[in-house]
>>> print(open('upload-v3.cif').read())   # mmCIF, C-alpha atoms
data_input
#
loop_
_atom_site.label_atom_id
_atom_site.label_comp_id
_atom_site.auth_asym_id
_atom_site.auth_seq_id
_atom_site.Cartn_x
_atom_site.Cartn_y
_atom_site.Cartn_z
CA MET A 10 -9.59 45.94 62.80
CA GLN A 11 -5.95 46.82 63.49
CA SER A 12 -4.94 43.35 62.30
CA VAL A 13 -6.79 43.83 59.01
CA PHE A 14 -5.15 47.22 58.51
CA LYS A 15 -1.75 45.75 59.31
CA TRP A 16 -2.01 43.01 56.70
CA GLY A 17 -3.63 45.44 54.26
CA LYS A 18 -0.38 47.43 54.20
CA TYR A 19 1.52 44.43 52.89
CA GLY A 20 -1.19 43.78 50.32
CA ALA A 21 -0.82 47.37 49.11
CA ILE A 22 2.95 46.90 48.83
CA GLY A 23 2.38 43.78 46.73
CA LYS A 24 -0.07 45.61 44.44
CA ILE A 25 2.36 48.47 43.90
CA THR A 26 5.08 45.97 43.02
CA VAL A 27 2.81 44.28 40.49
CA LYS A 28 2.05 47.64 38.84
CA ASN A 29 5.74 48.52 38.73
CA GLN A 30 6.59 45.20 37.10
CA LEU A 31 3.89 45.62 34.46
CA MET A 32 5.41 48.97 33.53
CA TYR A 33 8.51 47.13 32.25
CA ALA A 34 6.80 44.99 29.63
CA ALA A 35 9.89 44.98 27.42
CA ASP A 36 11.99 43.31 30.14
CA LEU A 37 9.31 40.68 30.65
CA PHE A 38 9.22 40.02 26.91
CA ILE A 39 12.99 39.57 26.67
CA ARG A 40 13.04 37.15 29.62
CA THR A 41 10.26 35.05 28.12
CA LEU A 42 12.10 34.87 24.80
CA PHE A 43 15.07 33.38 26.64
CA LEU A 44 12.67 30.91 28.26
CA LEU A 45 11.52 29.77 24.81
CA LEU A 46 15.11 29.18 23.76
CA ILE A 47 15.77 27.00 26.81
CA LEU A 48 12.57 25.03 26.30
CA TYR A 49 13.35 24.46 22.63
CA VAL A 50 16.71 22.92 23.57
CA PHE A 51 15.04 20.64 26.13
CA THR A 52 12.34 19.50 23.70
CA GLN A 53 14.99 18.46 21.19
CA LEU A 54 17.13 16.77 23.83
CA TRP A 55 14.32 14.71 25.32
CA SER A 56 12.84 13.88 21.92
CA VAL A 57 16.13 12.20 20.98
CA THR A 58 16.31 10.53 24.41
CA TYR A 59 12.86 8.95 24.15
CA GLU A 60 13.42 7.88 20.55
CA GLY A 61 16.83 6.44 21.34
CA SER A 62 15.64 4.49 24.38
CA GLY A 63 12.59 3.10 22.60
CA GLU A 64 10.57 3.78 25.76
CA THR A 65 7.30 5.68 25.93
CA VAL A 66 7.59 6.21 29.70
CA ILE A 67 10.78 7.22 31.53
CA GLY A 68 10.74 7.61 35.30
CA GLY A 69 6.93 7.65 35.28
CA TYR A 70 6.73 10.45 32.71
CA ARG A 71 5.61 10.32 29.10
CA TYR A 72 7.37 12.64 26.69
CA HIS A 73 4.66 15.32 26.74
CA GLU A 74 4.44 15.15 30.57
CA LEU A 75 8.18 15.66 30.92
CA ILE A 76 8.14 18.66 28.58
CA TRP A 77 5.24 20.17 30.54
CA TYR A 78 7.23 19.50 33.71
CA LEU A 79 10.15 21.47 32.27
CA ILE A 80 7.84 24.29 31.17
CA PHE A 81 6.64 24.69 34.74
CA SER A 82 10.03 24.20 36.40
CA GLU A 83 11.83 26.65 34.11
CA SER A 84 9.01 29.18 34.49
CA LEU A 85 9.25 28.93 38.29
CA THR A 86 13.02 29.27 38.32
CA MET A 87 13.15 32.25 35.99
CA ALA A 88 10.38 33.99 37.97
CA MET A 89 12.45 34.21 41.17
CA PRO A 90 13.36 37.85 41.98
CA LYS A 91 16.96 38.73 42.83
CA LEU A 92 16.11 39.54 46.42
CA HIS A 93 19.67 39.12 47.65
CA VAL A 94 20.97 41.94 45.44
CA THR A 95 18.55 44.47 46.92
CA VAL A 96 19.01 43.43 50.55
CA GLU A 97 22.79 43.18 50.30
CA GLU A 98 23.01 46.68 48.85
CA GLU A 99 20.76 48.11 51.58
CA VAL A 100 22.84 46.48 54.31
CA LYS A 101 26.14 47.66 52.84
CA THR A 102 25.02 51.25 52.28
CA GLY A 103 23.03 51.49 55.51
CA GLY A 104 19.84 52.15 53.57
CA ILE A 105 18.17 49.42 55.56
CA GLY A 106 18.16 51.81 58.53
CA TYR A 107 15.58 54.02 56.81
CA LEU A 108 13.35 51.06 56.05
CA LEU A 109 13.51 49.87 59.66
CA CYS A 110 11.93 53.16 60.71
CA ARG A 111 8.82 52.50 58.65
CA PRO A 112 5.64 51.17 60.33
CA VAL A 113 6.04 47.78 58.63
CA SER A 114 8.23 44.77 59.24
CA TYR A 115 11.29 44.86 56.99
CA VAL A 116 11.03 41.13 56.29
CA GLY A 117 7.28 41.44 55.67
CA TYR A 118 7.89 44.39 53.34
CA ARG A 119 10.41 42.42 51.32
CA TYR A 120 8.12 39.37 51.24
CA ALA A 121 5.26 41.46 49.80
CA GLU A 122 7.59 42.83 47.13
CA PHE A 123 8.97 39.36 46.42
CA ALA A 124 5.45 37.90 46.06
CA GLY A 125 4.27 40.65 43.72
CA GLU A 126 7.29 40.46 41.43
CA PHE A 127 7.28 36.66 41.47
CA ALA A 128 3.59 36.52 40.55
CA VAL A 129 3.97 38.79 37.52
CA ARG A 130 7.03 36.95 36.23
CA LEU A 131 5.49 33.52 36.77
CA VAL A 132 2.25 34.35 34.96
CA SER A 133 4.23 35.84 32.07
CA ASN A 134 6.49 32.76 31.85
CA LEU A 135 3.61 30.30 32.05
CA LEU A 136 1.67 32.12 29.34
CA VAL A 137 4.60 31.94 26.94
CA GLY A 138 5.77 28.47 27.95
CA GLY A 139 2.19 27.22 27.97
CA ALA A 140 1.68 28.54 24.44
CA LEU A 141 4.66 26.45 23.33
CA GLY A 142 3.27 23.38 25.12
CA ILE A 143 -0.15 23.82 23.52
CA PHE A 144 1.49 24.27 20.11
CA LEU A 145 3.39 20.99 20.52
CA PHE A 146 0.86 18.80 22.33
CA GLY A 147 -2.49 20.57 22.38
CA LEU A 148 -4.39 21.62 25.50
CA PRO A 149 -3.07 19.81 28.59
CA ASP A 150 -5.33 17.61 30.71
CA PHE A 151 -4.08 18.39 34.21
CA GLY A 152 -7.47 17.84 35.84
CA TRP A 153 -7.24 18.95 39.47
CA GLY A 154 -3.56 19.74 38.93
CA TRP A 155 -4.21 23.46 38.78
CA VAL A 156 -5.97 23.30 42.15
CA GLY A 157 -3.14 21.33 43.71
CA PHE A 158 -0.50 23.53 42.13
CA LEU A 159 -1.53 26.77 43.86
CA PRO A 160 -1.17 25.89 47.59
CA VAL A 161 2.04 23.96 47.00
CA LEU A 162 3.34 26.85 44.90
CA ILE A 163 2.66 29.34 47.71
CA GLY A 164 4.43 27.13 50.23
CA GLY A 165 7.41 26.61 47.95
CA ALA A 166 7.73 30.30 47.07
CA THR A 167 7.50 31.28 50.75
CA LEU A 168 10.25 28.85 51.71
CA ASN A 169 12.37 30.06 48.80
CA PHE A 170 11.96 33.64 50.03
CA MET A 171 12.98 32.69 53.56
CA ILE A 172 16.17 30.97 52.46
CA ARG A 173 17.11 33.77 50.06
CA MET A 174 16.42 36.32 52.78
CA LEU A 175 18.62 34.37 55.19
CA LEU A 176 21.46 34.38 52.67
CA ALA A 177 20.93 38.08 51.96
CA LEU A 178 21.07 38.96 55.66
CA CYS A 179 24.48 37.30 55.87
CA ALA A 180 25.66 40.66 54.46
CA PHE A 181 25.61 41.84 58.09
CA TRP A 182 28.63 39.61 58.70
CA VAL A 183 30.35 38.91 55.36
CA GLU A 184 31.57 41.17 52.57
CA GLU A 185 29.98 39.32 49.66
CA ILE A 186 27.05 36.89 49.55
CA GLN A 187 27.07 36.21 45.80
CA GLY A 188 28.94 32.94 46.33
CA LEU A 189 26.36 31.70 48.83
CA VAL A 190 23.49 32.52 46.48
CA PHE A 191 25.32 30.93 43.55
CA VAL A 192 25.66 27.63 45.43
CA TYR A 193 22.03 27.78 46.56
CA ASP A 194 20.77 28.39 43.02
CA LYS A 195 22.80 25.46 41.68
CA LEU A 196 21.32 23.19 44.35
CA LEU A 197 17.84 24.26 43.23
CA PHE A 198 18.74 23.58 39.60
CA THR A 199 19.93 20.06 40.37
CA ILE A 200 18.50 18.41 43.49
CA GLY A 201 15.62 20.90 43.61
CA GLY A 202 14.14 19.31 40.51
CA MET A 203 14.47 22.07 37.94
CA LEU A 204 16.47 20.16 35.36
CA LEU A 205 15.07 16.71 36.15
CA PRO A 206 12.19 15.28 38.18
CA LEU A 207 13.50 13.44 41.23
CA GLU A 208 12.15 10.15 39.84
CA LEU A 209 14.91 10.23 37.24
CA PHE A 210 17.66 10.33 39.87
CA ALA A 211 19.50 7.15 40.82
CA GLU A 212 19.34 5.67 44.30
CA PRO A 213 20.44 6.42 46.99
CA PHE A 214 20.82 9.99 45.73
CA ARG A 215 17.08 10.27 45.12
CA THR A 216 16.30 9.26 48.71
CA ILE A 217 18.82 11.74 50.09
CA CYS A 218 17.18 14.54 48.09
CA ARG A 219 13.82 13.77 49.70
CA PHE A 220 15.22 14.69 53.12
CA LEU A 221 16.38 18.13 51.93
CA PRO A 222 14.29 21.30 51.57
CA PHE A 223 15.22 22.01 47.95
CA GLN A 224 12.63 19.65 46.45
CA THR A 225 9.80 21.57 48.14
CA MET A 226 10.32 24.72 46.05
CA ILE A 227 10.29 23.45 42.47
CA TYR A 228 9.67 19.71 42.32
CA PHE A 229 6.67 19.74 44.69
CA PRO A 230 4.49 22.34 42.91
CA VAL A 231 5.39 21.11 39.42
CA LYS A 232 4.70 17.49 40.35
CA MET A 233 1.26 18.48 41.63
CA ALA A 234 0.45 20.35 38.44
CA ILE A 235 1.48 17.52 36.11
CA GLN A 236 0.45 14.44 38.12
CA PHE A 237 -2.08 15.49 40.75
CA ASP A 238 -2.61 13.30 43.81
CA ALA A 239 -4.70 14.63 46.72
CA LEU A 240 -2.98 12.56 49.41
CA ARG A 241 0.45 13.46 48.06
CA MET A 242 -0.52 17.13 48.03
CA VAL A 243 -1.43 17.03 51.73
CA GLN A 244 1.91 15.37 52.48
CA MET A 245 3.78 17.98 50.44
CA VAL A 246 2.05 20.89 52.18
CA GLY A 247 2.85 19.29 55.55
CA ILE A 248 6.54 18.93 54.65
CA GLN A 249 6.64 22.51 53.43
CA ALA A 250 5.02 23.70 56.68
CA LEU A 251 7.73 21.97 58.73
CA TRP A 252 10.53 23.55 56.70
CA ILE A 253 8.83 26.96 56.79
CA GLY A 254 8.58 26.73 60.57
CA LEU A 255 12.26 25.80 60.85
CA PHE A 256 13.60 28.44 58.47
CA GLY A 257 11.12 31.02 59.77
CA ALA A 258 12.54 30.67 63.27
CA LEU A 259 16.08 30.80 61.92
CA LEU A 260 15.28 33.88 59.82
CA TYR A 261 13.79 35.66 62.83
CA ALA A 262 16.86 34.91 64.95
CA VAL A 263 19.33 36.00 62.24
CA TYR A 264 17.35 39.15 61.48
CA ARG A 265 17.16 40.22 65.13
CA LYS A 266 20.86 39.59 65.64
CA GLY A 267 21.78 41.36 62.40
CA VAL A 268 19.78 44.47 63.24
CA LYS A 269 21.65 44.78 66.52
CA ARG A 270 24.90 44.90 64.56
CA LEU A 271 23.65 47.63 62.29
CA ASN A 272 25.67 50.81 62.43
CA VAL A 273 24.51 53.60 60.15
CA ASN A 274 27.08 56.37 59.70
CA GLY A 275 26.33 59.95 58.75
CA GLY A 276 22.55 59.88 59.13
#
>>> encode(input="upload-v3.cif", output="structure tokens")
Amino acid sequence: MQSVFKWGKYGAIGKITVKNQLMYAADLFIRTLFLLLILYVFTQLWSVTYEGSGETVIGGYRYHELIWYLIFSESLTMAMPKLHVTVEEEVKTGGIGYLLCRPVSYVGYRYAEFAGEFAVRLVSNLLVGGALGIFLFGLPDFGWGWVGFLPVLIGGATLNFMIRMLLALCAFWVEEIQGLVFVYDKLLFTIGGMLLPLELFAEPFRTICRFLPFQTMIYFPVKMAIQFDALRMVQMVGIQALWIGLFGALLYAVYRKGVKRLNVNGG
């Protein structure tokens, strides 16, 4: 019973975050308009690419599949909350000390907030991006892709949270973490599969990317949605579990060490 109550607290935090996000409908609308602009540029770019190459399939993707891939990847990327800004500010100001006194794990609290905000943004982005995809190509035939998308999405989002939280907690030791987050985001954009599916990368760069964690956060879930494969899904979830275990242990160690360094003045 205590375990249920414990996890129920984090569920309540997530629900409150969802409600707060829905209160700012105007911000959601503006972000989705920017998403449409990006997708329009990509549709024009790849239309010319396919026409110029004379190919109907590039890297295993037809034109409509690649555009759907970009709809999902851009929606995922733009849905990521700026966790590092909040955590960095709390560490610098000492506000984290007040949160540590609450009867919830600080990391768990931030994960619940991250999940709630991410969910609202992602649904909003997919609704708008999906409307564009349906307008261009009609209703998609993803089959079991929607089923495969969800578990891989959860694994990818969890790993993304862990890495962002790790970078944010570096504020215990360094003055600014914006540079670290900037580099991380650019790695996600490129070798994480946001701009291009990994199949379009040249060897041996493509093989190198498969041994890094970045592909698990964007490429994995989007690949499952567009081109579902049950065996591949099991492999992807297994790879995500390994990385989550590794970064989870690292996050725990960094968090414990960082809290010991905490020195709150005047309170």
>>> residues_around(input="upload-v3.cif", residues="stretch 249-261 of chain A", least_positions_apart="4", cutoff="12 Å", atoms="all atoms listed in the file", output="ChimeraX atom specification")
/A:114-117,160-179,219-230,242-245,265-268
>>> residues_around(input="upload-v3.cif", residues="A:Lys232", least_positions_apart="5", cutoff="12 Å", atoms="all atoms listed in the file", output="ChimeraX atom specification")
/A:69-70,74-75,77-82,151,154-155,157-159,161-162,201-203,205-208,224-227,237-239,241-242,245
>>> atom_distance(input="upload-v3.cif", atom1="atom CA of A:Tyr193", atom2="atom CA of A:Ile67")
27.8 Å
>>> atom_distance(input="upload-v3.cif", atom1="atom CA of A:Arg119", atom2="atom CA of A:Val132")
20.0 Å
>>> axis_aligned_box(input="upload-v3.cif", around="stretch 83-99 of chain A", padding_each_side="3 Å", output="lines of an AutoDock Vina configuration file")
center_x = 16.0
center_y = 37.4
center_z = 42.8
size_x = 20.0
size_y = 27.5
size_z = 23.5
>>> closest_residue(input="upload-v3.cif", among="A:Gln30, A:Gln236, A:Thr52, A:Thr102", to="A:Ala124", atoms="all atoms listed in the file")
A:Gln30
>>> resolve_selection(input="upload-v3.cif", expression="the PyMOL selection byres ((chain A and resi 20) around 12)", output="list in words")
Val13, Phe14, Lys15, Trp16, Gly17, Lys18, Tyr19, Ala21, Ile22, Gly23, Lys24, Ile25, Thr26, Val27, Val113, Gly117, Tyr118, Arg119, Tyr120, Ala121, Glu122, Phe123, Ala124 and Gly125 of chain A
>>> closest_residue(input="upload-v3.cif", among="A:Ile143, A:Ile76, A:Leu37, A:Ile248", to="A:Leu131", atoms="only C-alpha atoms")
A:Leu37
>>> atom_distance(input="upload-v3.cif", atom1="atom CA of A:Ala88", atom2="atom CA of A:Phe127")
5.4 Å
>>> resolve_selection(input="upload-v3.cif", expression="the PyMOL selection byres ((chain A and resi 41-47) around 8)", output="list of chain:residue names")
A:Leu37, A:Phe38, A:Ile39, A:Arg40, A:Leu48, A:Tyr49, A:Val50, A:Phe51, A:Glu83, A:Ser84, A:Met87, A:Ser133, A:Asn134, A:Val137, A:Gly138, A:Leu141
